[in-house]
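**Q** What follows is the file query.txt, containing compact mmCIF, C-alpha atoms and all ligand atoms:
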# COMPACT_ATOMS: atom_id res chain seq x y z
CA MET A 1 -7.06 44.62 -88.13
CA ALA A 2 -6.00 45.03 -84.54
CA ASP A 3 -7.94 43.26 -81.87
CA GLY A 4 -10.23 41.51 -84.33
CA GLU A 5 -11.60 44.94 -85.12
CA GLY A 6 -15.01 44.81 -86.72
CA GLN A 7 -15.22 41.06 -86.55
CA GLY A 8 -14.79 39.84 -83.05
CA THR A 9 -12.60 36.81 -82.66
CA VAL A 10 -13.70 33.53 -84.12
CA ASP A 11 -15.26 32.18 -80.94
CA GLY A 12 -16.54 35.41 -79.49
CA PHE A 13 -18.65 38.02 -81.21
CA ILE A 14 -19.57 39.24 -77.76
CA GLU A 15 -16.70 38.88 -75.29
CA LEU A 16 -16.63 39.59 -71.58
CA ASP A 17 -13.60 38.96 -69.41
CA GLY A 18 -14.00 39.57 -65.71
CA VAL A 19 -16.39 42.45 -66.31
CA GLU A 20 -17.46 44.39 -63.21
CA LYS A 21 -19.82 47.22 -62.45
CA VAL A 22 -19.85 48.85 -59.06
CA PHE A 23 -22.36 51.56 -58.20
CA ASP A 24 -21.65 54.06 -55.45
CA VAL A 25 -24.92 54.91 -53.82
CA ARG A 26 -25.74 57.18 -50.93
CA ARG A 27 -28.56 56.13 -48.73
CA LYS A 28 -30.23 57.72 -45.78
CA ALA A 29 -28.84 56.48 -42.47
CA GLY A 30 -30.71 58.57 -39.99
CA PHE A 31 -31.58 62.25 -39.74
CA LEU A 32 -29.40 64.23 -42.19
CA ARG A 33 -26.86 61.45 -42.31
CA ARG A 34 -26.05 59.79 -45.61
CA GLU A 35 -24.10 56.60 -45.81
CA ARG A 36 -22.00 55.64 -48.79
CA HIS A 37 -22.62 52.23 -49.99
CA ARG A 38 -21.21 50.16 -52.84
CA VAL A 39 -23.35 47.86 -54.94
CA ARG A 40 -21.50 45.26 -56.97
CA ALA A 41 -24.15 44.92 -59.66
CA VAL A 42 -21.89 42.85 -61.94
CA ASP A 43 -19.14 41.01 -60.14
CA GLY A 44 -16.59 39.55 -62.54
CA ILE A 45 -18.51 38.05 -65.45
CA SER A 46 -16.81 36.27 -68.34
CA PHE A 47 -18.48 34.70 -71.35
CA ARG A 48 -18.30 34.51 -75.10
CA VAL A 49 -21.15 34.47 -77.58
CA PRO A 50 -20.31 33.38 -81.12
CA ARG A 51 -21.84 35.20 -84.06
CA GLY A 52 -25.34 34.01 -84.89
CA GLU A 53 -26.11 32.45 -81.53
CA MET A 54 -29.28 33.14 -79.57
CA VAL A 55 -28.54 33.01 -75.86
CA GLY A 56 -30.78 33.37 -72.82
CA TYR A 57 -29.54 35.56 -69.98
CA ILE A 58 -31.62 34.95 -66.90
CA GLY A 59 -31.56 35.49 -63.17
CA PRO A 60 -33.64 36.86 -60.29
CA ASN A 61 -34.49 40.54 -59.87
CA GLY A 62 -31.45 42.66 -59.20
CA ALA A 63 -29.04 39.97 -60.44
CA GLY A 64 -27.29 42.38 -62.81
CA LYS A 65 -28.87 41.51 -66.15
CA SER A 66 -29.88 45.02 -67.22
CA THR A 67 -26.56 46.41 -66.02
CA THR A 68 -24.75 43.89 -68.24
CA ILE A 69 -26.85 44.88 -71.24
CA LYS A 70 -26.27 48.57 -70.60
CA MET A 71 -22.50 47.93 -70.59
CA LEU A 72 -22.84 45.97 -73.82
CA THR A 73 -24.47 48.97 -75.48
CA GLY A 74 -21.98 51.46 -74.04
CA ILE A 75 -24.60 53.28 -71.92
CA LEU A 76 -22.69 52.26 -68.80
CA VAL A 77 -18.92 52.07 -68.42
CA PRO A 78 -17.60 48.93 -66.69
CA SER A 79 -15.71 49.43 -63.43
CA GLY A 80 -13.34 46.64 -64.36
CA GLY A 81 -12.62 43.84 -66.80
CA ARG A 82 -12.65 43.77 -70.57
CA LEU A 83 -15.62 43.90 -72.90
CA ARG A 84 -15.85 43.71 -76.69
CA VAL A 85 -18.75 43.55 -79.12
CA ALA A 86 -17.77 42.88 -82.73
CA GLY A 87 -14.26 43.85 -81.68
CA ILE A 88 -15.46 47.25 -80.46
CA ASP A 89 -15.12 48.57 -76.92
CA PRO A 90 -18.71 49.79 -76.36
CA ALA A 91 -17.93 52.49 -73.81
CA ARG A 92 -15.17 53.99 -75.95
CA ASP A 93 -16.88 53.77 -79.31
CA ARG A 94 -20.55 53.88 -78.52
CA THR A 95 -21.65 55.67 -81.68
CA ARG A 96 -19.78 53.36 -83.99
CA LEU A 97 -21.17 50.34 -82.16
CA ALA A 98 -24.71 51.72 -82.32
CA ARG A 99 -24.86 51.08 -86.06
CA ARG A 100 -24.21 47.41 -85.47
CA ILE A 101 -26.47 46.68 -82.51
CA GLY A 102 -30.15 46.87 -81.78
CA VAL A 103 -31.57 47.06 -78.29
CA VAL A 104 -35.02 46.67 -76.82
CA PHE A 105 -35.83 47.48 -73.20
CA GLY A 106 -39.19 45.96 -72.31
CA GLN A 107 -39.74 48.41 -69.50
CA ARG A 108 -39.39 51.57 -71.54
CA THR A 109 -39.91 52.47 -75.15
CA THR A 110 -37.31 53.90 -77.50
CA LEU A 111 -40.10 55.25 -79.69
CA TRP A 112 -41.41 58.79 -79.69
CA TRP A 113 -44.48 58.82 -77.50
CA ASP A 114 -46.54 61.34 -79.48
CA LEU A 115 -45.61 60.18 -82.95
CA PRO A 116 -47.22 57.45 -85.00
CA LEU A 117 -44.98 54.42 -85.48
CA ARG A 118 -44.38 55.36 -89.10
CA ASP A 119 -42.83 58.72 -88.10
CA SER A 120 -40.73 57.12 -85.39
CA TYR A 121 -39.37 54.73 -87.97
CA GLY A 122 -38.63 57.65 -90.30
CA LEU A 123 -36.51 59.22 -87.56
CA VAL A 124 -34.69 55.94 -86.97
CA ARG A 125 -34.01 55.80 -90.67
CA ARG A 126 -32.46 59.24 -90.71
CA MET A 127 -30.53 58.62 -87.51
CA TYR A 128 -28.83 55.58 -89.00
CA ARG A 129 -28.85 56.86 -92.59
CA ILE A 130 -30.47 53.64 -93.75
CA PRO A 131 -30.50 53.42 -97.56
CA ASP A 132 -33.98 53.73 -99.09
CA ALA A 133 -34.36 50.27 -100.57
CA ARG A 134 -33.09 48.56 -97.49
CA TYR A 135 -35.28 50.61 -95.21
CA ARG A 136 -38.36 49.81 -97.24
CA ALA A 137 -37.58 46.09 -97.41
CA ASN A 138 -36.87 45.87 -93.67
CA LEU A 139 -39.96 47.83 -92.73
CA GLU A 140 -42.16 45.76 -94.99
CA ARG A 141 -40.84 42.58 -93.49
CA CYS A 142 -41.28 43.76 -89.90
CA VAL A 143 -44.77 45.05 -90.63
CA GLU A 144 -45.76 41.72 -92.08
CA LEU A 145 -44.19 39.44 -89.49
CA LEU A 146 -45.03 41.57 -86.46
CA ASP A 147 -48.49 42.37 -87.76
CA LEU A 148 -48.01 46.14 -87.59
CA GLY A 149 -49.99 47.07 -90.70
CA ASP A 150 -52.96 48.64 -88.91
CA LEU A 151 -50.78 50.31 -86.31
CA LEU A 152 -48.39 52.40 -88.39
CA ASP A 153 -50.48 55.56 -88.16
CA VAL A 154 -51.39 55.24 -84.50
CA PRO A 155 -49.47 57.42 -81.99
CA VAL A 156 -47.29 55.26 -79.81
CA ARG A 157 -49.03 56.30 -76.61
CA GLN A 158 -52.29 54.82 -77.91
CA LEU A 159 -50.82 51.39 -78.50
CA SER A 160 -51.31 48.50 -76.12
CA LEU A 161 -48.21 47.18 -74.40
CA GLY A 162 -48.00 44.22 -76.79
CA GLN A 163 -48.41 46.43 -79.85
CA ARG A 164 -45.87 48.93 -78.56
CA MET A 165 -43.37 46.17 -77.88
CA ARG A 166 -43.74 44.82 -81.40
CA GLY A 167 -43.24 48.38 -82.64
CA ASP A 168 -40.10 48.68 -80.53
CA ILE A 169 -38.65 45.43 -81.83
CA ALA A 170 -39.19 46.56 -85.41
CA ALA A 171 -37.49 49.90 -84.64
CA ALA A 172 -34.46 48.04 -83.28
CA LEU A 173 -34.09 46.01 -86.47
CA LEU A 174 -34.59 48.56 -89.25
CA HIS A 175 -30.86 49.25 -89.57
CA ASP A 176 -29.98 45.53 -89.86
CA PRO A 177 -28.03 45.19 -86.63
CA GLU A 178 -25.73 42.21 -86.27
CA VAL A 179 -26.53 41.92 -82.58
CA LEU A 180 -29.83 42.32 -80.84
CA TYR A 181 -30.07 42.77 -77.06
CA LEU A 182 -33.51 42.20 -75.64
CA ASP A 183 -34.15 43.11 -72.02
CA GLU A 184 -37.46 41.55 -70.97
CA PRO A 185 -39.15 41.88 -74.37
CA THR A 186 -42.18 39.81 -73.39
CA ILE A 187 -42.85 41.37 -69.99
CA GLY A 188 -46.55 42.05 -69.52
CA LEU A 189 -47.48 40.77 -72.97
CA ASP A 190 -50.55 38.65 -73.66
CA VAL A 191 -50.14 35.12 -74.96
CA VAL A 192 -50.76 36.04 -78.61
CA SER A 193 -48.23 38.88 -78.61
CA LYS A 194 -45.69 36.68 -76.86
CA ALA A 195 -46.07 34.00 -79.51
CA LYS A 196 -45.71 36.56 -82.30
CA VAL A 197 -42.59 38.06 -80.77
CA ARG A 198 -40.99 34.65 -80.26
CA GLU A 199 -41.73 33.53 -83.78
CA PHE A 200 -40.32 36.74 -85.17
CA LEU A 201 -37.12 36.49 -83.13
CA ARG A 202 -36.63 32.90 -84.24
CA ASP A 203 -36.98 34.00 -87.89
CA VAL A 204 -34.60 36.94 -87.54
CA ASN A 205 -31.98 34.74 -85.90
CA ALA A 206 -32.34 31.95 -88.44
CA GLU A 207 -32.57 34.05 -91.60
CA ARG A 208 -30.27 36.98 -90.91
CA GLY A 209 -27.94 35.20 -88.53
CA THR A 210 -28.49 37.99 -86.00
CA THR A 211 -26.76 37.30 -82.69
CA VAL A 212 -29.34 37.59 -79.91
CA LEU A 213 -28.90 38.07 -76.18
CA LEU A 214 -32.25 37.62 -74.49
CA THR A 215 -33.11 38.53 -70.92
CA THR A 216 -36.48 37.36 -69.72
CA HIS A 217 -38.56 36.34 -66.74
CA ASP A 218 -40.58 34.03 -68.90
CA LEU A 219 -38.68 30.78 -69.08
CA THR A 220 -40.91 29.62 -71.90
CA ASP A 221 -39.15 32.25 -74.03
CA ILE A 222 -35.87 30.52 -73.27
CA GLU A 223 -37.22 27.02 -73.81
CA GLN A 224 -38.63 27.97 -77.17
CA LEU A 225 -35.76 30.10 -78.42
CA CYS A 226 -32.41 29.34 -76.82
CA LYS A 227 -30.24 26.27 -76.83
CA ARG A 228 -27.85 27.97 -74.47
CA VAL A 229 -28.71 29.75 -71.29
CA MET A 230 -26.61 31.75 -68.87
CA VAL A 231 -27.84 32.15 -65.33
CA ILE A 232 -26.65 35.11 -63.28
CA ASP A 233 -27.15 35.67 -59.59
CA HIS A 234 -25.72 38.48 -57.45
CA GLY A 235 -23.68 39.71 -60.39
CA ARG A 236 -22.01 36.36 -61.00
CA LEU A 237 -22.45 33.77 -63.68
CA VAL A 238 -23.66 30.62 -61.94
CA TYR A 239 -24.48 28.55 -65.00
CA ASP A 240 -23.62 28.60 -68.70
CA GLY A 241 -24.79 25.72 -70.85
CA GLY A 242 -27.73 23.89 -72.36
CA LEU A 243 -31.19 23.69 -70.85
CA ASP A 244 -30.74 19.97 -70.20
CA GLY A 245 -27.63 20.65 -68.19
CA LEU A 246 -29.58 23.15 -66.16
CA HIS A 247 -31.82 20.34 -65.02
CA ALA A 248 -28.78 18.32 -64.00
CA VAL A 249 -27.25 21.22 -62.08
CA GLY A 250 -30.60 22.00 -60.49
CA GLY A 251 -30.83 18.37 -59.37
CA SER A 252 -34.32 18.18 -60.71
CA GLU A 253 -36.41 15.08 -61.05
CA ARG A 254 -38.80 13.69 -63.57
CA VAL A 255 -41.89 11.88 -62.42
CA LEU A 256 -43.35 8.67 -63.77
CA VAL A 257 -47.13 8.57 -63.38
CA ILE A 258 -48.25 4.94 -63.30
CA ASP A 259 -51.78 3.57 -63.53
CA LEU A 260 -51.94 0.06 -62.04
CA GLU A 261 -54.67 -2.53 -62.41
CA ARG A 262 -55.53 -2.13 -58.78
CA GLU A 263 -54.59 -0.33 -55.61
CA LEU A 264 -51.19 -1.51 -54.36
CA PRO A 265 -48.70 -0.49 -51.69
CA PRO A 266 -46.16 2.16 -52.80
CA ILE A 267 -43.65 0.78 -55.30
CA THR A 268 -40.26 0.67 -53.63
CA ASP A 269 -38.52 -2.07 -55.61
CA VAL A 270 -37.44 -0.02 -58.65
CA PRO A 271 -33.79 1.07 -58.44
CA GLY A 272 -33.26 4.78 -59.00
CA ALA A 273 -36.88 5.68 -58.38
CA ARG A 274 -38.69 6.71 -55.21
CA PRO A 275 -42.40 6.76 -54.53
CA VAL A 276 -43.75 10.27 -54.01
CA LYS A 277 -47.52 9.82 -54.05
CA VAL A 278 -50.19 7.11 -54.14
CA GLU A 279 -53.81 7.78 -55.06
CA GLY A 280 -55.88 4.61 -55.45
CA PRO A 281 -54.43 2.62 -58.36
CA ARG A 282 -52.32 5.59 -59.50
CA GLN A 283 -48.76 6.07 -58.27
CA TRP A 284 -46.09 8.71 -58.79
CA LEU A 285 -42.39 7.71 -58.92
CA ALA A 286 -39.65 10.33 -59.02
CA PHE A 287 -36.27 9.76 -60.67
CA ALA A 288 -33.29 11.94 -61.59
CA ALA A 289 -33.98 14.10 -64.67
CA THR A 290 -30.58 13.13 -66.04
CA GLN A 291 -31.48 9.43 -66.01
CA SER A 292 -33.19 7.67 -68.90
CA ALA A 293 -36.80 6.73 -68.22
CA ALA A 294 -36.62 3.47 -70.20
CA PRO A 295 -35.03 1.15 -67.58
CA ILE A 296 -37.35 2.50 -64.90
CA VAL A 297 -40.41 1.93 -67.06
CA ALA A 298 -39.13 -1.58 -67.88
CA ALA A 299 -38.57 -2.41 -64.22
CA VAL A 300 -42.04 -1.21 -63.23
CA ALA A 301 -43.67 -3.10 -66.10
CA ALA A 302 -41.81 -6.30 -65.23
CA ARG A 303 -42.90 -6.28 -61.60
CA HIS A 304 -46.32 -4.69 -61.48
CA PRO A 305 -49.66 -4.96 -63.31
CA LEU A 306 -49.43 -1.85 -65.44
CA VAL A 307 -52.36 -0.29 -67.32
CA ASP A 308 -50.88 3.02 -68.42
CA LEU A 309 -48.02 5.39 -67.70
CA SER A 310 -46.67 8.81 -68.59
CA VAL A 311 -43.54 10.80 -67.79
CA ARG A 312 -43.80 14.31 -66.44
CA GLU A 313 -40.89 16.55 -67.30
CA PRO A 314 -39.46 18.82 -64.64
CA ASP A 315 -40.74 22.36 -64.72
CA ILE A 316 -37.88 24.67 -65.59
CA GLU A 317 -39.21 27.35 -63.27
CA GLU A 318 -38.90 24.88 -60.39
CA VAL A 319 -35.36 24.04 -61.47
CA ILE A 320 -34.28 27.67 -61.45
CA ALA A 321 -36.07 28.42 -58.20
CA LYS A 322 -34.31 25.44 -56.64
CA MET A 323 -30.95 26.60 -57.99
CA TYR A 324 -31.32 30.01 -56.36
CA ALA A 325 -32.56 28.44 -53.13
CA ASP A 326 -29.58 26.04 -53.04
CA ARG A 327 -27.16 28.91 -53.53
CA LYS A 328 -28.70 30.86 -50.70
CA ALA A 329 -28.31 27.81 -48.48
CA LEU A 330 -24.53 27.72 -49.17
N1 LIG B 1 -27.83 53.30 -61.61
C1 LIG B 1 -27.74 52.52 -60.54
N2 LIG B 1 -27.33 53.02 -59.35
C2 LIG B 1 -27.22 52.25 -58.26
N3 LIG B 1 -27.52 50.94 -58.23
C3 LIG B 1 -27.95 50.38 -59.38
C4 LIG B 1 -28.09 51.12 -60.58
N4 LIG B 1 -28.53 50.30 -61.57
C5 LIG B 1 -28.65 49.07 -60.99
N5 LIG B 1 -28.32 49.11 -59.68
C6 LIG B 1 -28.31 47.97 -58.75
O1 LIG B 1 -27.53 46.96 -59.32
C7 LIG B 1 -28.11 45.68 -59.10
C8 LIG B 1 -28.39 45.01 -60.44
O2 LIG B 1 -29.45 45.69 -61.11
P1 LIG B 1 -29.98 45.28 -62.55
O3 LIG B 1 -28.82 45.11 -63.45
O4 LIG B 1 -31.02 46.24 -62.94
O5 LIG B 1 -30.61 43.84 -62.24
P2 LIG B 1 -31.63 42.96 -63.13
O6 LIG B 1 -31.77 43.59 -64.45
O7 LIG B 1 -31.00 41.60 -63.16
O8 LIG B 1 -32.92 42.94 -62.36
C9 LIG B 1 -29.32 45.92 -58.24
O9 LIG B 1 -28.95 45.75 -56.91
C10 LIG B 1 -29.67 47.36 -58.55
O10 LIG B 1 -30.34 47.95 -57.46
MG MG B 2 -33.47 44.26 -65.43
Please rewrite the model in this file as structure tokens.
Ligand SMILES: Nc1ncnc2c1ncn2[C@@H]1O[C@H](COP(=O)(O)OP(=O)(O)O)[C@@H](O)[C@H]1O
Ligand SMILES: [Mg+2]
**A**
Amino acid sequence: MADGEGQGTVDGFIELDGVEKVFDVRRKAGFLRRERHRVRAVDGISFRVPRGEMVGYIGPNGAGKSTTIKMLTGILVPSGGRLRVAGIDPARDRTRLARRIGVVFGQRTTLWWDLPLRDSYGLVRRMYRIPDARYRANLERCVELLDLGDLLDVPVRQLSLGQRMRGDIAAALLHDPEVLYLDEPTIGLDVVSKAKVREFLRDVNAERGTTVLLTTHDLTDIEQLCKRVMVIDHGRLVYDGGLDGLHAVGGSERVLVIDLERELPPITDVPGARPVKVEGPRQWLAFAATQSAAPIVAAVAARHPLVDLSVREPDIEEVIAKMYADRKAL
């Protein structure tokens, strides 16, 4: 089949090569005057996602995340570059692609506002011509895992945000899509709903091998679900790799919290570590997150009367915030 049609190439089920999206906007520039203005929402992004991977796609507001997802579904046509999902050009073959992808936008529902969930699902079933047995099995599974049993006969508009989101996720999965795009699926959800959604996504990815692209503001989602994370800023990919590597790139530090037998001057004789705080017999020593804690602990223990110690991991939110700040400083 030409162009890996229907399969995607071996390394890329989702493939982007130099993808761009430019919006032409008119904005007010004085009385009656309108100024044309170009927004480069996505500015030359390339990446590949192999089948079955669950990848985080994060970045600050306005970075171009939703625009990327809309191009991946075929809702928006790229201004430049090449894009393939399962070997399909989304903008050219949107309907054919629709059968193979599922999409959830956290900020707006794809369900019918006045209908109970059950009826919405019935419409989805007809839309995708899902065979009976498969529909029933998928629905049953979603109802069980997303705890939708009591909600099926409630009109969507009466659902809480967390309930509605779970309903939306189920709707996106009834036709067994091979790829699932999630744009902020946990936004505004309470802790319990978040946990349920995460657990469900982990199951779907593990059991069905569904490829997942996850955009989120909640970095805990990424930490709990994704080995790989892509960071986008001003329409450009600024990082693509593991979470550990993100710490290295962000130049973050871990902190050793040391309880000494007594109050002592700040510890300055441990190579690779610097004192950051002293509070009575307790001291805080920072060291590079990429460095092993063992030699530092050993050095402290050899030279000072140690009672207890613990290592505090860097907070990923700090790492990301620092990354953005560093880029602005460039
Ligand atoms: N339809 C549109 N028309 C004009 N500008 C848009 C449109 N959609 C998005 N943008 C702009 O493109 C940039 C990226 O937006 P978006 O992809 O929604 O970012 P994110 O999802 O990362 O917050 C922003 O500057 C946004 O204002
Ligand atoms: Mg967005």
**Q** Dig up all the protein and nucleic acid residues within 8 Å of (-28.9, 32.4, -78.2) in the file frame, using only C-alpha atoms, and format them as a ChimeraX atom specification.
**A** /A:52-56,211-214,225-229
**Q** Taking only C-alpha atoms and all ligand atoms into account, which residues have an atom no farther than 10 Å from ligand MG 2 (chain B)? I'd like them as a PyMOL selection string.
**A** chain A and resi 58-70+105-107+183-184+215-217
**Q** Filtering to C-alpha atoms, could you give me those residues as a short mmCIF file (atom, residue, chain, number, x, y, z; two decimals), keeping the file's coordinate frame?
**A**
data_model
loop_
_atom_site.label_atom_id
_atom_site.label_comp_id
_atom_site.auth_asym_id
_atom_site.auth_seq_id
_atom_site.Cartn_x
_atom_site.Cartn_y
_atom_site.Cartn_z
CA ILE A 58 -31.62 34.95 -66.90
CA GLY A 59 -31.56 35.49 -63.17
CA PRO A 60 -33.64 36.86 -60.29
CA ASN A 61 -34.49 40.54 -59.87
CA GLY A 62 -31.45 42.66 -59.20
CA ALA A 63 -29.04 39.97 -60.44
CA GLY A 64 -27.29 42.38 -62.81
CA LYS A 65 -28.87 41.51 -66.15
CA SER A 66 -29.88 45.02 -67.22
CA THR A 67 -26.56 46.41 -66.02
CA THR A 68 -24.75 43.89 -68.24
CA ILE A 69 -26.85 44.88 -71.24
CA LYS A 70 -26.27 48.57 -70.60
CA PHE A 105 -35.83 47.48 -73.20
CA GLY A 106 -39.19 45.96 -72.31
CA GLN A 107 -39.74 48.41 -69.50
CA ASP A 183 -34.15 43.11 -72.02
CA GLU A 184 -37.46 41.55 -70.97
CA THR A 215 -33.11 38.53 -70.92
CA THR A 216 -36.48 37.36 -69.72
CA HIS A 217 -38.56 36.34 -66.74
#
**Q** Using only C-alpha atoms, can you list as a ChimeraX atom specification the residues within 12 Å of (-39.3, 53.6, -73.0)?
**A** /A:103-113,156-157,161,164-165,167-168,183,185
**Q** What does the structure give for the distance between atom C6 of ligand LIG 1 (chain B) and atom CA of A:Leu182, in Å to one decimal?
**A** 18.6 Å
**Q** Restricting the calculation to all atoms listed in the file: of A:Arg51, A:Val255, A:Ala41, A:Gly280, which residue gets closest to A:Val311?
**A**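 With all atoms listed in the file as the atom set, the closest residue is A:Val255.
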**Q** In Å, with one decimal, what is the gap from atom CA of A:His234 to atom CA of A:Leu76?
**A**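 Atom CA of A:Leu76 lies at a distance of 18.1 Å from atom CA of A:His234.
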**Q** With all atoms listed in the file as the atoms that count, which of A:Glu313, A:Glu199, A:Asp119, A:Asp218 lies nearest to A:Leu146?
**A**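 Under the stated criterion, the closest residue is A:Glu199.
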